[in-house]
file entry_25.cif (mmCIF, C-alpha atoms and all ligand atoms)
data_query
#
loop_
_atom_site.group_PDB
_atom_site.id
_atom_site.type_symbol
_atom_site.label_atom_id
_atom_site.label_comp_id
_atom_site.auth_asym_id
_atom_site.auth_seq_id
_atom_site.Cartn_x
_atom_site.Cartn_y
_atom_site.Cartn_z
ATOM 1 C CA MET A 1 -41.356 -50.401 -26.678
ATOM 2 C CA THR A 2 -42.619 -47.624 -24.391
ATOM 3 C CA LYS A 3 -46.296 -48.055 -23.608
ATOM 4 C CA VAL A 4 -48.575 -44.993 -23.569
ATOM 5 C CA LEU A 5 -52.234 -44.927 -22.610
ATOM 6 C CA LEU A 6 -54.218 -42.281 -24.510
ATOM 7 C CA ILE A 7 -57.451 -41.349 -22.697
ATOM 8 C CA ASN A 8 -59.909 -39.219 -24.646
ATOM 9 C CA THR A 9 -62.388 -37.066 -22.750
ATOM 10 C CA GLY A 10 -63.653 -34.799 -25.581
ATOM 11 C CA GLY A 11 -63.127 -31.125 -26.397
ATOM 12 C CA THR A 12 -62.325 -29.370 -29.661
ATOM 13 C CA ILE A 13 -59.516 -31.845 -30.381
ATOM 14 C CA ALA A 14 -62.262 -34.469 -30.875
ATOM 15 C CA MET A 15 -64.558 -32.184 -32.901
ATOM 16 C CA SER A 16 -64.985 -31.101 -36.530
ATOM 17 C CA GLU A 17 -66.204 -27.924 -38.157
ATOM 18 C CA ASP A 18 -69.245 -27.860 -40.463
ATOM 19 C CA HIS A 19 -67.802 -25.803 -43.320
ATOM 20 C CA THR A 20 -71.247 -24.524 -44.429
ATOM 21 C CA THR A 21 -72.401 -23.215 -41.025
ATOM 22 C CA GLY A 22 -69.035 -22.770 -39.243
ATOM 23 C CA LYS A 23 -70.395 -24.670 -36.205
ATOM 24 C CA VAL A 24 -67.917 -26.812 -34.292
ATOM 25 C CA SER A 25 -69.342 -29.924 -32.624
ATOM 26 C CA PRO A 26 -68.428 -33.515 -31.699
ATOM 27 C CA SER A 27 -68.140 -35.706 -34.818
ATOM 28 C CA SER A 28 -69.492 -39.267 -35.054
ATOM 29 C CA ALA A 29 -65.985 -40.663 -35.685
ATOM 30 C CA ASN A 30 -63.488 -39.269 -33.176
ATOM 31 C CA PRO A 31 -60.656 -37.833 -35.342
ATOM 32 C CA ILE A 32 -58.103 -38.733 -32.652
ATOM 33 C CA HIS A 33 -58.549 -42.428 -33.474
ATOM 34 C CA GLN A 34 -57.073 -42.035 -36.957
ATOM 35 C CA GLN A 35 -54.477 -39.546 -35.747
ATOM 36 C CA SER A 36 -53.103 -41.662 -32.902
ATOM 37 C CA ASN A 37 -52.315 -44.431 -35.457
ATOM 38 C CA LEU A 38 -49.771 -42.056 -36.988
ATOM 39 C CA PHE A 39 -47.656 -42.183 -33.839
ATOM 40 C CA GLN A 40 -47.183 -45.923 -33.333
ATOM 41 C CA ASN A 41 -43.469 -45.348 -34.112
ATOM 42 C CA LEU A 42 -43.154 -43.131 -31.010
ATOM 43 C CA ALA A 43 -44.777 -45.555 -28.559
ATOM 44 C CA GLU A 44 -47.114 -48.510 -28.311
ATOM 45 C CA ILE A 45 -50.380 -46.597 -27.861
ATOM 46 C CA THR A 46 -53.571 -47.920 -26.291
ATOM 47 C CA VAL A 47 -56.584 -45.656 -26.906
ATOM 48 C CA VAL A 48 -59.574 -45.396 -24.557
ATOM 49 C CA ASP A 49 -62.601 -43.092 -24.916
ATOM 50 C CA LEU A 50 -63.587 -42.330 -21.321
ATOM 51 C CA PHE A 51 -65.931 -39.395 -22.075
ATOM 52 C CA ASN A 52 -66.833 -37.351 -25.131
ATOM 53 C CA LEU A 53 -67.586 -34.026 -23.461
ATOM 54 C CA PRO A 54 -67.065 -30.394 -24.254
ATOM 55 C CA SER A 55 -64.962 -29.339 -21.280
ATOM 56 C CA PRO A 56 -67.562 -26.899 -19.840
ATOM 57 C CA HIS A 57 -69.475 -30.142 -19.063
ATOM 58 C CA MET A 58 -66.674 -31.414 -16.798
ATOM 59 C CA ASN A 59 -67.262 -31.347 -13.046
ATOM 60 C CA GLU A 60 -65.545 -32.596 -9.908
ATOM 61 C CA GLU A 61 -67.268 -35.991 -10.037
ATOM 62 C CA LYS A 62 -66.036 -36.632 -13.589
ATOM 63 C CA MET A 63 -62.564 -35.384 -12.660
ATOM 64 C CA LEU A 64 -62.549 -37.874 -9.778
ATOM 65 C CA ALA A 65 -63.695 -40.697 -12.110
ATOM 66 C CA LEU A 66 -60.814 -39.818 -14.458
ATOM 67 C CA SER A 67 -58.331 -39.710 -11.583
ATOM 68 C CA GLN A 68 -59.479 -43.122 -10.302
ATOM 69 C CA TYR A 69 -59.336 -44.595 -13.811
ATOM 70 C CA ILE A 70 -55.751 -43.364 -14.281
ATOM 71 C CA GLN A 71 -54.745 -44.704 -10.845
ATOM 72 C CA GLU A 72 -56.142 -48.151 -11.748
ATOM 73 C CA GLU A 73 -54.483 -48.325 -15.188
ATOM 74 C CA ALA A 74 -51.151 -46.628 -14.441
ATOM 75 C CA GLY A 75 -49.301 -49.827 -13.483
ATOM 76 C CA ARG A 76 -49.517 -51.160 -17.049
ATOM 77 C CA PHE A 77 -48.089 -48.070 -18.827
ATOM 78 C CA ASP A 78 -44.962 -45.881 -18.984
ATOM 79 C CA GLY A 79 -46.914 -42.684 -19.578
ATOM 80 C CA ILE A 80 -50.445 -41.354 -19.926
ATOM 81 C CA VAL A 81 -51.890 -38.729 -22.277
ATOM 82 C CA VAL A 82 -55.329 -37.243 -21.627
ATOM 83 C CA THR A 83 -57.047 -35.260 -24.387
ATOM 84 C CA HIS A 84 -59.417 -32.648 -22.999
ATOM 85 C CA GLY A 85 -61.311 -29.498 -23.986
ATOM 86 C CA THR A 86 -59.179 -26.447 -23.374
ATOM 87 C CA ASP A 87 -61.783 -24.378 -21.502
ATOM 88 C CA THR A 88 -61.377 -26.291 -18.232
ATOM 89 C CA LEU A 89 -58.214 -28.269 -19.037
ATOM 90 C CA GLU A 90 -56.186 -26.441 -16.384
ATOM 91 C CA GLU A 91 -58.742 -27.406 -13.717
ATOM 92 C CA THR A 92 -58.784 -31.116 -14.549
ATOM 93 C CA ALA A 93 -54.979 -31.089 -14.800
ATOM 94 C CA TYR A 94 -54.624 -29.575 -11.318
ATOM 95 C CA PHE A 95 -57.274 -31.869 -9.828
ATOM 96 C CA LEU A 96 -55.256 -34.842 -11.149
ATOM 97 C CA GLU A 97 -52.048 -33.308 -9.785
ATOM 98 C CA LEU A 98 -53.586 -33.179 -6.308
ATOM 99 C CA THR A 99 -55.219 -36.610 -6.336
ATOM 100 C CA LEU A 100 -52.698 -38.846 -8.151
ATOM 101 C CA ASP A 101 -49.490 -40.233 -6.690
ATOM 102 C CA LEU A 102 -47.625 -41.560 -9.730
ATOM 103 C CA VAL A 103 -44.060 -41.541 -10.998
ATOM 104 C CA ILE A 104 -45.074 -41.986 -14.633
ATOM 105 C CA PRO A 105 -45.973 -38.778 -16.509
ATOM 106 C CA VAL A 106 -49.584 -37.754 -16.927
ATOM 107 C CA VAL A 107 -49.869 -35.264 -19.807
ATOM 108 C CA LEU A 108 -52.967 -33.233 -20.666
ATOM 109 C CA THR A 109 -53.446 -31.750 -24.090
ATOM 110 C CA GLY A 110 -56.166 -30.376 -26.360
ATOM 111 C CA ALA A 111 -56.662 -28.201 -29.410
ATOM 112 C CA MET A 112 -57.795 -24.677 -30.132
ATOM 113 C CA ARG A 113 -58.954 -25.597 -33.649
ATOM 114 C CA SER A 114 -61.049 -28.617 -34.514
ATOM 115 C CA SER A 115 -59.694 -31.436 -36.660
ATOM 116 C CA ASN A 116 -60.670 -30.107 -40.124
ATOM 117 C CA GLU A 117 -60.079 -26.371 -39.603
ATOM 118 C CA ILE A 118 -57.227 -24.622 -41.406
ATOM 119 C CA GLY A 119 -54.155 -24.728 -39.140
ATOM 120 C CA ALA A 120 -55.687 -27.341 -36.813
ATOM 121 C CA ASP A 121 -53.326 -27.837 -33.857
ATOM 122 C CA GLY A 122 -54.689 -31.088 -32.392
ATOM 123 C CA LEU A 123 -52.423 -33.426 -34.332
ATOM 124 C CA ALA A 124 -49.234 -31.526 -33.422
ATOM 125 C CA ASN A 125 -50.296 -31.281 -29.768
ATOM 126 C CA LEU A 126 -51.051 -34.998 -29.692
ATOM 127 C CA ARG A 127 -47.658 -35.828 -31.178
ATOM 128 C CA SER A 128 -45.835 -33.564 -28.684
ATOM 129 C CA SER A 129 -47.785 -35.080 -25.798
ATOM 130 C CA ILE A 130 -46.956 -38.645 -26.798
ATOM 131 C CA LEU A 131 -43.271 -37.661 -27.091
ATOM 132 C CA VAL A 132 -43.389 -36.099 -23.606
ATOM 133 C CA ALA A 133 -45.299 -39.022 -22.061
ATOM 134 C CA ALA A 134 -42.775 -41.494 -23.516
ATOM 135 C CA ALA A 135 -39.676 -39.502 -22.465
ATOM 136 C CA PRO A 136 -37.829 -40.865 -19.385
ATOM 137 C CA GLU A 137 -37.058 -37.236 -18.343
ATOM 138 C CA SER A 138 -40.792 -36.687 -17.764
ATOM 139 C CA ARG A 139 -40.928 -39.200 -14.904
ATOM 140 C CA GLY A 140 -41.515 -37.739 -11.450
ATOM 141 C CA LYS A 141 -42.818 -34.428 -12.774
ATOM 142 C CA GLY A 142 -46.443 -35.026 -11.793
ATOM 143 C CA VAL A 143 -49.215 -33.820 -14.068
ATOM 144 C CA ILE A 144 -48.128 -31.604 -16.945
ATOM 145 C CA VAL A 145 -49.861 -29.738 -19.750
ATOM 146 C CA VAL A 146 -48.437 -29.854 -23.275
ATOM 147 C CA MET A 147 -49.748 -27.360 -25.821
ATOM 148 C CA ASN A 148 -48.090 -25.439 -28.638
ATOM 149 C CA GLU A 149 -44.713 -27.150 -28.087
ATOM 150 C CA GLU A 150 -44.451 -26.028 -24.456
ATOM 151 C CA ILE A 151 -44.564 -28.037 -21.235
ATOM 152 C CA HIS A 152 -46.301 -26.464 -18.231
ATOM 153 C CA ALA A 153 -46.801 -27.608 -14.643
ATOM 154 C CA ALA A 154 -50.490 -28.312 -13.998
ATOM 155 C CA THR A 155 -50.384 -26.202 -10.830
ATOM 156 C CA TYR A 156 -49.811 -22.839 -12.498
ATOM 157 C CA VAL A 157 -50.758 -23.105 -16.183
ATOM 158 C CA THR A 158 -53.771 -21.166 -17.454
ATOM 159 C CA LYS A 159 -55.656 -20.487 -20.679
ATOM 160 C CA THR A 160 -54.917 -16.851 -21.551
ATOM 161 C CA HIS A 161 -56.567 -16.311 -24.943
ATOM 162 C CA THR A 162 -59.978 -17.286 -26.282
ATOM 163 C CA THR A 163 -58.784 -18.462 -29.711
ATOM 164 C CA ASN A 164 -55.007 -18.082 -30.187
ATOM 165 C CA LEU A 165 -53.003 -21.324 -30.464
ATOM 166 C CA ALA A 166 -50.434 -19.967 -27.966
ATOM 167 C CA THR A 167 -53.129 -19.645 -25.321
ATOM 168 C CA PHE A 168 -51.648 -21.778 -22.509
ATOM 169 C CA GLN A 169 -49.161 -19.873 -20.382
ATOM 170 C CA THR A 170 -47.733 -20.000 -16.880
ATOM 171 C CA PRO A 171 -47.836 -16.481 -15.401
ATOM 172 C CA THR A 172 -45.075 -15.518 -12.927
ATOM 173 C CA PHE A 173 -43.141 -18.805 -13.190
ATOM 174 C CA GLY A 174 -43.036 -19.684 -16.928
ATOM 175 C CA PRO A 175 -43.126 -23.093 -18.667
ATOM 176 C CA ILE A 176 -40.966 -25.938 -17.320
ATOM 177 C CA GLY A 177 -39.852 -27.247 -20.710
ATOM 178 C CA LEU A 178 -40.384 -27.380 -24.433
ATOM 179 C CA ILE A 179 -40.585 -29.744 -27.352
ATOM 180 C CA SER A 180 -38.177 -28.968 -30.165
ATOM 181 C CA LYS A 181 -38.882 -31.194 -33.202
ATOM 182 C CA ASN A 182 -38.135 -34.620 -31.656
ATOM 183 C CA GLN A 183 -36.532 -33.482 -28.407
ATOM 184 C CA VAL A 184 -38.159 -33.048 -25.000
ATOM 185 C CA LEU A 185 -36.228 -30.453 -22.985
ATOM 186 C CA TYR A 186 -36.833 -29.498 -19.359
ATOM 187 C CA PHE A 187 -35.276 -26.386 -17.841
ATOM 188 C CA GLN A 188 -37.126 -25.999 -14.500
ATOM 189 C CA ASN A 189 -37.673 -28.380 -11.605
ATOM 190 C CA ILE A 190 -40.969 -28.579 -9.764
ATOM 191 C CA ILE A 191 -40.218 -27.832 -6.111
ATOM 192 C CA ARG A 192 -43.454 -29.034 -4.579
ATOM 193 C CA GLN A 193 -45.741 -31.942 -5.329
ATOM 194 C CA GLU A 194 -48.751 -32.809 -3.223
ATOM 195 C CA TYR A 195 -51.031 -35.797 -2.946
ATOM 196 C CA TYR A 196 -54.314 -36.079 -1.100
ATOM 197 C CA PRO A 197 -56.199 -39.385 -1.359
ATOM 198 C CA LEU A 198 -59.807 -38.750 -2.386
ATOM 199 C CA GLN A 199 -62.762 -41.133 -2.546
ATOM 200 C CA ALA A 200 -65.719 -38.773 -2.977
ATOM 201 C CA VAL A 201 -66.552 -35.088 -3.335
ATOM 202 C CA LYS A 202 -69.246 -34.033 -0.868
ATOM 203 C CA GLN A 203 -68.219 -30.583 0.370
ATOM 204 C CA LYS A 204 -68.381 -27.887 -2.319
ATOM 205 C CA VAL A 205 -66.346 -24.668 -2.536
ATOM 206 C CA ALA A 206 -67.364 -21.327 -4.092
ATOM 207 C CA LEU A 207 -65.253 -18.738 -5.903
ATOM 208 C CA LEU A 208 -65.992 -14.997 -5.996
ATOM 209 C CA LYS A 209 -64.115 -12.241 -7.791
ATOM 210 C CA ALA A 210 -63.770 -8.883 -6.006
ATOM 211 C CA PHE A 211 -64.870 -5.677 -7.730
ATOM 212 C CA SER A 212 -64.863 -2.048 -6.652
ATOM 213 C CA GLY A 213 -67.950 -1.194 -4.637
ATOM 214 C CA MET A 214 -68.605 -4.874 -3.783
ATOM 215 C CA ASP A 215 -70.641 -5.476 -0.618
ATOM 216 C CA GLY A 216 -71.233 -8.555 1.533
ATOM 217 C CA SER A 217 -74.388 -9.881 -0.160
ATOM 218 C CA LEU A 218 -72.733 -12.438 -2.481
ATOM 219 C CA ILE A 219 -70.386 -13.541 0.298
ATOM 220 C CA ARG A 220 -73.335 -14.161 2.656
ATOM 221 C CA ALA A 221 -75.137 -16.047 -0.157
ATOM 222 C CA VAL A 222 -72.201 -18.476 -0.342
ATOM 223 C CA GLY A 223 -72.809 -19.528 3.277
ATOM 224 C CA GLN A 224 -76.580 -19.695 2.772
ATOM 225 C CA ALA A 225 -76.219 -21.878 -0.348
ATOM 226 C CA GLY A 226 -74.409 -24.572 1.627
ATOM 227 C CA PHE A 227 -70.876 -24.159 0.321
ATOM 228 C CA LYS A 228 -68.224 -25.284 2.816
ATOM 229 C CA GLY A 229 -65.467 -22.890 1.788
ATOM 230 C CA LEU A 230 -64.880 -19.719 -0.207
ATOM 231 C CA ILE A 231 -62.090 -18.531 -2.479
ATOM 232 C CA LEU A 232 -61.852 -14.767 -2.879
ATOM 233 C CA GLU A 233 -60.124 -13.454 -5.982
ATOM 234 C CA GLY A 234 -59.143 -10.269 -4.216
ATOM 235 C CA LEU A 235 -57.704 -6.966 -5.364
ATOM 236 C CA GLY A 236 -53.952 -6.578 -5.921
ATOM 237 C CA ALA A 237 -51.815 -8.338 -3.307
ATOM 238 C CA GLY A 238 -54.967 -9.468 -1.440
ATOM 239 C CA ASN A 239 -57.353 -6.682 -0.429
ATOM 240 C CA MET A 240 -61.153 -6.402 -0.417
ATOM 241 C CA PRO A 241 -63.618 -3.482 -0.526
ATOM 242 C CA PRO A 242 -64.510 -2.414 3.056
ATOM 243 C CA GLU A 243 -68.216 -3.342 2.786
ATOM 244 C CA THR A 244 -67.302 -7.030 2.321
ATOM 245 C CA VAL A 245 -65.349 -7.345 5.591
ATOM 246 C CA GLN A 246 -68.226 -8.063 7.954
ATOM 247 C CA ALA A 247 -69.625 -10.824 5.725
ATOM 248 C CA ILE A 248 -66.142 -12.400 5.436
ATOM 249 C CA GLU A 249 -65.813 -12.369 9.240
ATOM 250 C CA GLU A 250 -69.258 -13.969 9.589
ATOM 251 C CA LEU A 251 -68.307 -16.831 7.233
ATOM 252 C CA ILE A 252 -65.087 -17.468 9.176
ATOM 253 C CA GLU A 253 -67.073 -17.466 12.457
ATOM 254 C CA GLN A 254 -69.390 -20.078 10.906
ATOM 255 C CA GLY A 255 -66.277 -22.256 10.373
ATOM 256 C CA LEU A 256 -65.857 -21.830 6.609
ATOM 257 C CA PRO A 257 -62.273 -21.489 5.395
ATOM 258 C CA VAL A 258 -61.876 -18.288 3.363
ATOM 259 C CA ILE A 259 -58.869 -18.304 1.024
ATOM 260 C CA MET A 260 -57.405 -15.199 -0.638
ATOM 261 C CA VAL A 261 -55.916 -15.289 -4.142
ATOM 262 C CA SER A 262 -55.426 -12.304 -6.422
ATOM 263 C CA ARG A 263 -57.480 -11.304 -9.408
ATOM 264 C CA ALA A 264 -54.186 -9.961 -10.832
ATOM 265 C CA PHE A 265 -52.687 -12.219 -13.523
ATOM 266 C CA ASN A 266 -49.114 -12.269 -12.155
ATOM 267 C CA GLY A 267 -47.548 -12.423 -8.709
ATOM 268 C CA VAL A 268 -48.423 -13.904 -5.317
ATOM 269 C CA THR A 269 -50.664 -12.608 -2.526
ATOM 270 C CA GLU A 270 -49.241 -10.969 0.595
ATOM 271 C CA ASP A 271 -50.849 -9.209 3.577
ATOM 272 C CA VAL A 272 -49.408 -5.735 3.064
ATOM 273 C CA TYR A 273 -52.082 -3.095 3.731
ATOM 274 C CA ASP A 274 -53.442 -2.113 7.140
ATOM 275 C CA TYR A 275 -56.803 -0.428 6.395
ATOM 276 C CA ARG A 276 -60.373 -1.770 6.517
ATOM 277 C CA GLY A 277 -60.432 -4.505 3.851
ATOM 278 C CA GLY A 278 -56.615 -4.451 3.579
ATOM 279 C CA GLY A 279 -54.702 -7.736 3.617
ATOM 280 C CA LYS A 280 -53.237 -7.258 7.135
ATOM 281 C CA GLN A 281 -56.678 -6.936 8.722
ATOM 282 C CA LEU A 282 -58.176 -9.745 6.631
ATOM 283 C CA ARG A 283 -55.390 -12.055 7.684
ATOM 284 C CA GLN A 284 -55.918 -11.126 11.344
ATOM 285 C CA ALA A 285 -59.595 -12.004 10.866
ATOM 286 C CA GLY A 286 -58.578 -15.497 9.709
ATOM 287 C CA VAL A 287 -58.391 -15.235 5.920
ATOM 288 C CA ILE A 288 -55.753 -17.630 4.539
ATOM 289 C CA PHE A 289 -53.454 -16.213 1.850
ATOM 290 C CA ALA A 290 -52.746 -18.678 -0.987
ATOM 291 C CA GLN A 291 -49.537 -18.012 -2.842
ATOM 292 C CA GLY A 292 -49.289 -18.325 -6.615
ATOM 293 C CA LEU A 293 -52.547 -20.173 -7.295
ATOM 294 C CA SER A 294 -55.302 -18.780 -9.508
ATOM 295 C CA GLY A 295 -58.877 -18.667 -8.227
ATOM 296 C CA VAL A 296 -59.991 -21.816 -10.074
ATOM 297 C CA LYS A 297 -56.942 -23.767 -8.890
ATOM 298 C CA ALA A 298 -57.361 -22.607 -5.278
ATOM 299 C CA ARG A 299 -61.029 -23.653 -5.428
ATOM 300 C CA LEU A 300 -60.067 -27.192 -6.448
ATOM 301 C CA LYS A 301 -57.336 -27.342 -3.836
ATOM 302 C CA LEU A 302 -59.681 -26.355 -0.999
ATOM 303 C CA LEU A 303 -62.284 -28.792 -2.331
ATOM 304 C CA VAL A 304 -59.730 -31.617 -2.261
ATOM 305 C CA LEU A 305 -58.482 -30.585 1.218
ATOM 306 C CA LEU A 306 -62.040 -30.541 2.600
ATOM 307 C CA ASN A 307 -62.913 -33.920 1.088
ATOM 308 C CA THR A 308 -59.729 -35.932 1.616
ATOM 309 C CA GLU A 309 -59.727 -38.524 4.353
ATOM 310 C CA GLN A 310 -56.156 -37.436 5.218
ATOM 311 C CA LYS A 311 -55.745 -34.980 8.098
ATOM 312 C CA VAL A 312 -54.613 -31.639 6.669
ATOM 313 C CA ASP A 313 -53.603 -28.208 7.923
ATOM 314 C CA ILE A 314 -55.412 -25.973 5.422
ATOM 315 C CA GLU A 315 -53.303 -22.869 6.063
ATOM 316 C CA ALA A 316 -50.002 -24.747 5.719
ATOM 317 C CA ALA A 317 -51.227 -26.436 2.534
ATOM 318 C CA PHE A 318 -51.800 -23.044 0.907
ATOM 319 C CA THR A 319 -48.372 -21.616 1.775
ATOM 320 C CA LEU A 320 -45.803 -21.851 -0.989
ATOM 321 C CA THR A 321 -42.685 -22.374 1.156
HETATM 322 N N1 LIG B 401 -65.086 -25.262 -25.775
HETATM 323 C C1 LIG B 401 -64.058 -26.236 -26.056
HETATM 324 C C2 LIG B 401 -63.930 -27.162 -24.856
HETATM 325 O O1 LIG B 401 -63.287 -26.817 -23.894
HETATM 326 C C3 LIG B 401 -62.793 -25.566 -26.329
HETATM 327 C C4 LIG B 401 -61.656 -26.484 -26.654
HETATM 328 O O2 LIG B 401 -61.664 -27.669 -26.489
HETATM 329 O O3 LIG B 401 -60.645 -25.937 -27.098
HETATM 330 O O4 LIG B 401 -64.436 -28.215 -24.885
#
call {"tool": "encode", "arguments": {"input": "entry_25.cif", "output": "structure tokens", "more": "lines below"}}
Ligand code: ASP
result
Amino acid sequence: MTKVLLINTGGTIAMSEDHTTGKVSPSSANPIHQQSNLFQNLAEITVVDLFNLPSPHMNEEKMLALSQYIQEEAGRFDGIVVTHGTDTLEETAYFLELTLDLVIPVVLTGAMRSSNEIGADGLANLRSSILVAAAPESRGKGVIVVMNEEIHAATYVTKTHTTNLATFQTPTFGPIGLISKNQVLYFQNIIRQEYYPLQAVKQKVALLKAFSGMDGSLIRAVGQAGFKGLILEGLGAGNMPPETVQAIEELIEQGLPVIMVSRAFNGVTEDVYDYRGGGKQLRQAGVIFAQGLSGVKARLKLLVLLNTEQKVDIEAAFTLT
């Protein structure tokens, strides 16, 4: 029988609601333990509690510990499911995508409603994820996110709604597959998969969102605070307010990579405009344009590129083609 490793890390899927106060918090008995027993007909499931964290408590060190744990255990299983809080699920998923080199599927899932709330989605998401992790078609697809009967590539998926069950979406590119009752169906191929071996995270990367009237003070603070790279969530196709330009140039002169993504929800960045702060001039100054990644994903990618022992060309790594 297909063997699936279920790794719990916490999040709402592992929590319960206090019906008198309405507070949602971790429960003493993890509800996933009872639930995973329901699916022994789908796969032989081994359950491990690695963490029990709300996902805002995740950080790069814990992501690396999870990645290393999966790498060590992967040889004994046909697929892996990781349960995770939804707030930072897309970040952990992408970190794993960048740092794991596996043929077996690694599936991340969570829940928007805790185990005893009306319409709780954790059980259905867990079932779908086990189906996906056990499906031979899922091999070679890297790290994927399964929520609300959809399958998304870790690289582009994002949480789009604070509470709605259909919160996980892939802007611009769409989901790569879906779960229909008992079937796992893929309808898109992933064209690019990357792997960067990582032993430790020492160099940190900052992320700033552009706003009208922004000046260079926050950008200078990034250099002063010891960050080794900066992601700018710029305006539109990749432009910045003119008062930020000098500070951006100073960071680049200091040797920090500065990566441009867009604060727009859809589309890719491109150096189109030739005015002070426009993409053309920023690119000439050395800003690297990342295509298709969100700010939080680009931050993790630069962090992995700066910390990997492999030699990398940062600009080439951020180009989609
Ligand atoms: N705040 C929760 C978390 O990310 C939300 C969730 O799991 O859905 O841990």
call {"tool": "residues_near_ligand", "arguments": {"input": "entry_25.cif", "ligand": "ligand LIG 401 (chain B)", "cutoff": "10 Å", "atoms": "only C-alpha atoms and all ligand atoms", "output": "PyMOL selection string"}}
result
chain A and resi 9-15+24-26+52-58+83-89+109-114+122+159+162-163+165+167
call {"tool": "closest_residue", "arguments": {"input": "entry_25.cif", "among": "A:Asn148, A:Thr21, A:Ser294, A:Ser27", "to": "Asn125 (chain A)", "atoms": "only C-alpha atoms"}}
result
A:Asn148
call {"tool": "resolve_selection", "arguments": {"input": "entry_25.cif", "expression": "the PyMOL selection byres (((chain A and resi 297-299) around 7) and not hetatm)", "output": "ChimeraX atom specification"}}
result
/A:91,94,205-207,231,293-296,300-303
call {"tool": "resolve_selection", "arguments": {"input": "entry_25.cif", "expression": "the PyMOL selection byres (((chain A and resi 284) around 12) and not hetatm)", "output": "ChimeraX atom specification"}}
result
/A:245,248-249,252,271-283,285-289
call {"tool": "resolve_selection", "arguments": {"input": "entry_25.cif", "expression": "the PyMOL selection byres (((chain A and resi 319) around 10) and not hetatm)", "output": "compact mmCIF listing (two decimals) with C-alpha atoms, keeping the file's coordinate frame"}}
result
# COMPACT_ATOMS: atom_id res chain seq x y z
CA ILE A 288 -55.75 -17.63 4.54
CA PHE A 289 -53.45 -16.21 1.85
CA ALA A 290 -52.75 -18.68 -0.99
CA GLN A 291 -49.54 -18.01 -2.84
CA GLY A 292 -49.29 -18.32 -6.62
CA ILE A 314 -55.41 -25.97 5.42
CA GLU A 315 -53.30 -22.87 6.06
CA ALA A 316 -50.00 -24.75 5.72
CA ALA A 317 -51.23 -26.44 2.53
CA PHE A 318 -51.80 -23.04 0.91
CA LEU A 320 -45.80 -21.85 -0.99
CA THR A 321 -42.68 -22.37 1.16
call {"tool": "closest_residue", "arguments": {"input": "entry_25.cif", "among": "A:Ala264, A:Ala247, A:Ile70, A:Ile259", "to": "Leu235 (chain A)", "atoms": "all atoms listed in the file"}}
result
A:Ala264
call {"tool": "residues_around", "arguments": {"input": "entry_25.cif", "residues": "Arg76 (chain A)", "least_positions_apart": "3", "cutoff": "10 Å", "atoms": "all atoms listed in the file", "output": "number ranges by chain"}}
result
A: 3-5, 72-73, 79
call {"tool": "atom_distance", "arguments": {"input": "entry_25.cif", "atom1": "CA of Ala124 (chain A)", "atom2": "CA of Arg192 (chain A)"}}
result
29.5 Å
call {"tool": "closest_residue", "arguments": {"input": "entry_25.cif", "among": "A:Gln254, A:Tyr195, A:Phe211, A:Pro105", "to": "Val312 (chain A)", "atoms": "only C-alpha atoms"}}
result
A:Tyr195
call {"tool": "atom_distance", "arguments": {"input": "entry_25.cif", "atom1": "CA of Leu198 (chain A)", "atom2": "CA of Thr158 (chain A)"}}
result
23.9 Å
